[in-house]
>>> print(open('structure_31.cif').read())   # mmCIF, C-alpha atoms
data_start
loop_
_atom_site.label_atom_id
_atom_site.label_comp_id
_atom_site.auth_asym_id
_atom_site.auth_seq_id
_atom_site.Cartn_x
_atom_site.Cartn_y
_atom_site.Cartn_z
CA MET A 681 -12.40 -9.57 2.91
CA GLU A 682 -9.03 -9.34 1.19
CA TYR A 683 -8.66 -6.52 -1.32
CA ALA A 684 -6.84 -7.51 -4.53
CA LYS A 685 -6.23 -6.27 -8.06
CA THR A 686 -4.96 -8.21 -11.06
CA TYR A 687 -2.44 -6.84 -13.56
CA THR A 688 -0.51 -8.04 -16.61
CA VAL A 689 3.23 -7.35 -16.50
CA ARG A 690 4.17 -4.91 -19.26
CA TRP A 691 7.36 -4.43 -21.27
CA ALA A 692 7.99 -1.19 -19.35
CA ASP A 693 8.03 -3.21 -16.09
CA LEU A 694 11.10 -5.23 -17.10
CA ASP A 695 14.76 -4.74 -16.22
CA PRO A 696 17.84 -5.71 -18.29
CA ASN A 697 17.59 -9.28 -16.91
CA ILE A 698 14.17 -9.55 -18.56
CA HIS A 699 12.23 -9.93 -15.35
CA MET A 700 10.11 -7.44 -13.47
CA ARG A 701 12.26 -4.55 -12.22
CA HIS A 702 12.41 -3.91 -8.50
CA SER A 703 10.54 -0.61 -8.62
CA ALA A 704 7.64 -2.10 -10.62
CA TYR A 705 6.67 -4.17 -7.57
CA THR A 706 6.27 -1.01 -5.50
CA ASP A 707 4.46 0.72 -8.39
CA TYR A 708 1.85 -2.06 -8.49
CA ALA A 709 1.51 -1.97 -4.69
CA ALA A 710 1.00 1.81 -4.74
CA HIS A 711 -1.54 1.57 -7.55
CA THR A 712 -3.45 -1.06 -5.59
CA ARG A 713 -3.60 1.21 -2.52
CA VAL A 714 -4.77 4.16 -4.61
CA GLN A 715 -7.41 2.02 -6.34
CA PHE A 716 -8.69 0.75 -3.00
CA LEU A 717 -9.10 4.28 -1.68
CA ALA A 718 -10.71 5.50 -4.92
CA GLU A 719 -13.21 2.64 -4.85
CA GLN A 720 -14.17 3.76 -1.34
CA GLY A 721 -14.84 7.29 -2.63
CA PHE A 722 -11.43 8.74 -1.86
CA THR A 723 -10.15 9.80 -5.26
CA MET A 724 -7.31 12.27 -5.62
CA ALA A 725 -9.94 14.99 -6.17
CA ARG A 726 -11.70 14.01 -2.91
CA PHE A 727 -8.41 14.12 -1.01
CA ALA A 728 -7.77 17.59 -2.43
CA GLN A 729 -11.23 18.71 -1.21
CA LEU A 730 -10.49 17.30 2.25
CA GLY A 731 -7.00 18.82 2.26
CA ILE A 732 -5.44 15.51 3.30
CA GLY A 733 -3.44 12.78 1.60
CA PRO A 734 -1.54 9.58 2.33
CA ILE A 735 2.26 9.62 2.73
CA LEU A 736 4.84 6.89 3.30
CA PHE A 737 7.62 6.80 5.87
CA ARG A 738 9.00 3.41 4.93
CA GLU A 739 8.70 0.86 2.16
CA ASP A 740 10.23 -2.60 2.29
CA THR A 741 10.15 -5.12 -0.57
CA ARG A 742 11.02 -8.81 -0.28
CA PHE A 743 11.60 -10.62 -3.57
CA LEU A 744 10.79 -14.33 -3.61
CA LYS A 745 10.06 -15.44 -7.20
CA GLU A 746 10.82 -14.03 -10.63
CA VAL A 747 7.99 -12.39 -12.57
CA GLY A 748 8.26 -12.01 -16.34
CA LEU A 749 6.70 -10.26 -19.32
CA GLY A 750 3.04 -11.00 -19.90
CA GLU A 751 2.56 -12.78 -16.59
CA THR A 752 -0.61 -12.08 -14.65
CA ILE A 753 -0.04 -10.99 -11.08
CA ARG A 754 -2.49 -10.48 -8.23
CA VAL A 755 -1.64 -7.74 -5.75
CA THR A 756 -3.31 -7.76 -2.34
CA ALA A 757 -3.56 -5.05 0.32
CA GLU A 758 -4.01 -5.96 3.97
CA LEU A 759 -3.73 -3.80 7.06
CA SER A 760 -0.81 -4.81 9.28
CA GLY A 761 -1.08 -1.95 11.76
CA LEU A 762 -3.20 1.04 12.74
CA ASN A 763 -2.97 3.45 15.64
CA GLU A 764 -5.87 4.52 17.83
CA ASP A 765 -6.69 7.78 16.05
CA GLY A 766 -6.09 6.36 12.56
CA SER A 767 -3.29 8.78 11.78
CA ARG A 768 -0.68 6.06 11.22
CA TRP A 769 -1.08 2.82 9.36
CA ASN A 770 0.88 -0.11 7.93
CA ILE A 771 -0.12 -2.17 4.90
CA VAL A 772 1.30 -5.44 3.56
CA HIS A 773 0.95 -6.11 -0.16
CA GLY A 774 1.32 -9.66 -1.43
CA ILE A 775 2.29 -10.00 -5.09
CA TYR A 776 1.24 -13.42 -6.35
CA LYS A 777 2.06 -15.23 -9.56
CA GLU A 778 -0.81 -16.66 -11.59
CA ASP A 779 -0.23 -20.09 -10.05
CA GLY A 780 -0.76 -18.62 -6.57
CA ARG A 781 2.88 -18.58 -5.47
CA LEU A 782 3.96 -15.51 -3.54
CA ALA A 783 6.45 -13.59 -5.71
CA ALA A 784 7.09 -10.63 -3.39
CA THR A 785 5.82 -8.67 -0.43
CA VAL A 786 5.77 -4.90 -0.20
CA THR A 787 5.30 -3.54 3.32
CA VAL A 788 4.62 0.15 3.83
CA GLU A 789 4.36 2.37 6.89
CA GLY A 790 2.33 5.49 6.32
CA ALA A 791 0.33 8.34 7.74
CA TRP A 792 -1.96 11.17 6.68
CA LEU A 793 -0.63 14.58 5.70
CA ASP A 794 -2.54 17.86 6.04
CA LEU A 795 -1.93 19.20 2.52
CA ARG A 796 -2.27 22.83 3.58
CA ALA A 797 -0.26 22.84 6.81
CA ARG A 798 2.20 20.21 5.46
CA LYS A 799 2.06 18.43 8.82
CA LEU A 800 0.89 15.02 9.95
CA ALA A 801 -2.83 14.90 10.65
CA VAL A 802 -5.59 12.79 12.12
CA PRO A 803 -7.86 11.84 9.23
CA PRO A 804 -11.58 12.59 9.09
CA ALA A 805 -13.79 9.86 10.58
CA GLU A 806 -14.84 8.71 7.11
CA ILE A 807 -11.24 7.86 6.21
CA SER A 808 -10.65 6.14 9.56
CA ALA A 809 -13.73 4.00 8.92
CA VAL A 810 -12.38 2.92 5.52
CA MET A 811 -8.97 2.08 6.97
CA ASN A 812 -10.60 0.07 9.76
CA GLY A 813 -12.48 -1.89 7.10
CA ILE A 814 -9.38 -3.25 5.38
CA SER A 815 -8.80 -6.93 6.09
CA ARG A 816 -6.11 -7.62 8.69
CA HIS A 817 -2.86 -9.29 7.70
CA ALA A 818 -1.71 -12.21 9.85
CA SER A 819 1.04 -9.94 11.23
CA TYR A 820 -1.41 -7.20 12.34
CA GLN A 821 -0.48 -5.27 15.49
CA ASP A 822 -1.92 -2.04 16.85
CA ILE A 823 0.51 0.83 16.42
CA VAL A 824 1.32 2.33 19.79
CA ARG A 825 3.17 5.63 19.91
CA ALA A 826 6.00 5.95 22.37
CA PRO A 827 5.42 8.69 24.93
CA ARG A 828 7.07 11.99 24.03
CA GLU A 829 10.16 12.93 25.97
CA ALA A 830 9.78 15.97 28.21
#
>>> encode(input="structure_31.cif", output="structure tokens")
Amino acid sequence: MEYAKTYTVRWADLDPNIHMRHSAYTDYAAHTRVQFLAEQGFTMARFAQLGIGPILFREDTRFLKEVGLGETIRVTAELSGLNEDGSRWNIVHGIYKEDGRLAATVTVEGAWLDLRARKLAVPPAEISAVMNGISRHASYQDIVRAPREA
């Protein structure tokens, strides 16, 4: 099932052209990811207990339609990639206008960080299970790591 959250565009989300500023799209996408994890029991406090947290390597936003003050937007989160051990993942966020038209996509590539060692980590099985439960985007592909050079 697709995960989605609905928001109302605020005055603080606007740019000088009186439409939603570029960084507000990524803010709503990030908030949707954090809400998804929190609803699965992975709050910031839980991540601190586990000593692990999500990080991003890349974020790409495609703007398709203007969004203005007071508009209602729906932000989705779908998995577009996951590697075998769950340590790396990709998510596509769709940002939809109230009439259902796609206004933007935010695509992120991320991983899990060991908060103590400050190194990439394989997440606990409970996190991997949650990530595996996210609905798959039409573009989903397994993430395959290239072999390390000797």
>>> residues_around(input="structure_31.cif", residues="Gly761 in chain A", least_positions_apart="6", cutoff="8 Å", atoms="all atoms listed in the file", output="tab-separated table (two decimals) with C-alpha atoms, in the frame of the given file")
chain	number	residue	atom	x	y	z
A	769	TRP	CA	-1.08	2.82	9.36
A	770	ASN	CA	0.88	-0.11	7.93
A	771	ILE	CA	-0.12	-2.17	4.90
A	820	TYR	CA	-1.41	-7.20	12.34
A	821	GLN	CA	-0.48	-5.27	15.49
A	822	ASP	CA	-1.92	-2.04	16.85
A	823	ILE	CA	0.51	0.83	16.42
>>> residues_near_point(input="structure_31.cif", point="(4.2, -19.9, -5.7)", cutoff="12 Å", atoms="all atoms listed in the file", output="VMD selection string")
chain A and resid 744 to 747 753 to 754 774 to 784
>>> resolve_selection(input="structure_31.cif", expression="the PyMOL selection byres ((chain A and resi 709) around 12)", output="PyMOL selection string")
chain A and resi 683-687+702-708+710-716+739-741+753-758+771-776+784-788
>>> atom_distance(input="structure_31.cif", atom1="CA of Arg742 in chain A", atom2="CA of Leu793 in chain A")
26.8 Å
>>> closest_residue(input="structure_31.cif", among="A:Ala818, A:Leu717, A:Leu749, A:Met811", to="Asp693 in chain A", atoms="all atoms listed in the file")
A:Leu749
>>> atom_distance(input="structure_31.cif", atom1="CA of Ser815 in chain A", atom2="CA of Glu789 in chain A")
16.1 Å
>>> residues_near_point(input="structure_31.cif", point="(-9.0, 5.2, 17.6)", cutoff="12 Å", atoms="all atoms listed in the file", output="list in words")
Leu762, Asn763, Glu764, Asp765, Gly766, Ser767, Arg768, Trp769, Val802, Pro803, Pro804, Ala805, Ile807, Ser808, Ala809, Met811, Asn812, Asp822, Ile823 and Val824 of chain A
>>> closest_residue(input="structure_31.cif", among="A:His699, A:Arg690, A:Arg796, A:Arg726", to="Gly750 in chain A", atoms="all atoms listed in the file")
A:Arg690
>>> closest_residue(input="structure_31.cif", among="A:Arg825, A:Trp792, A:Leu694, A:Glu806", to="Ile735 in chain A", atoms="all atoms listed in the file")
A:Trp792
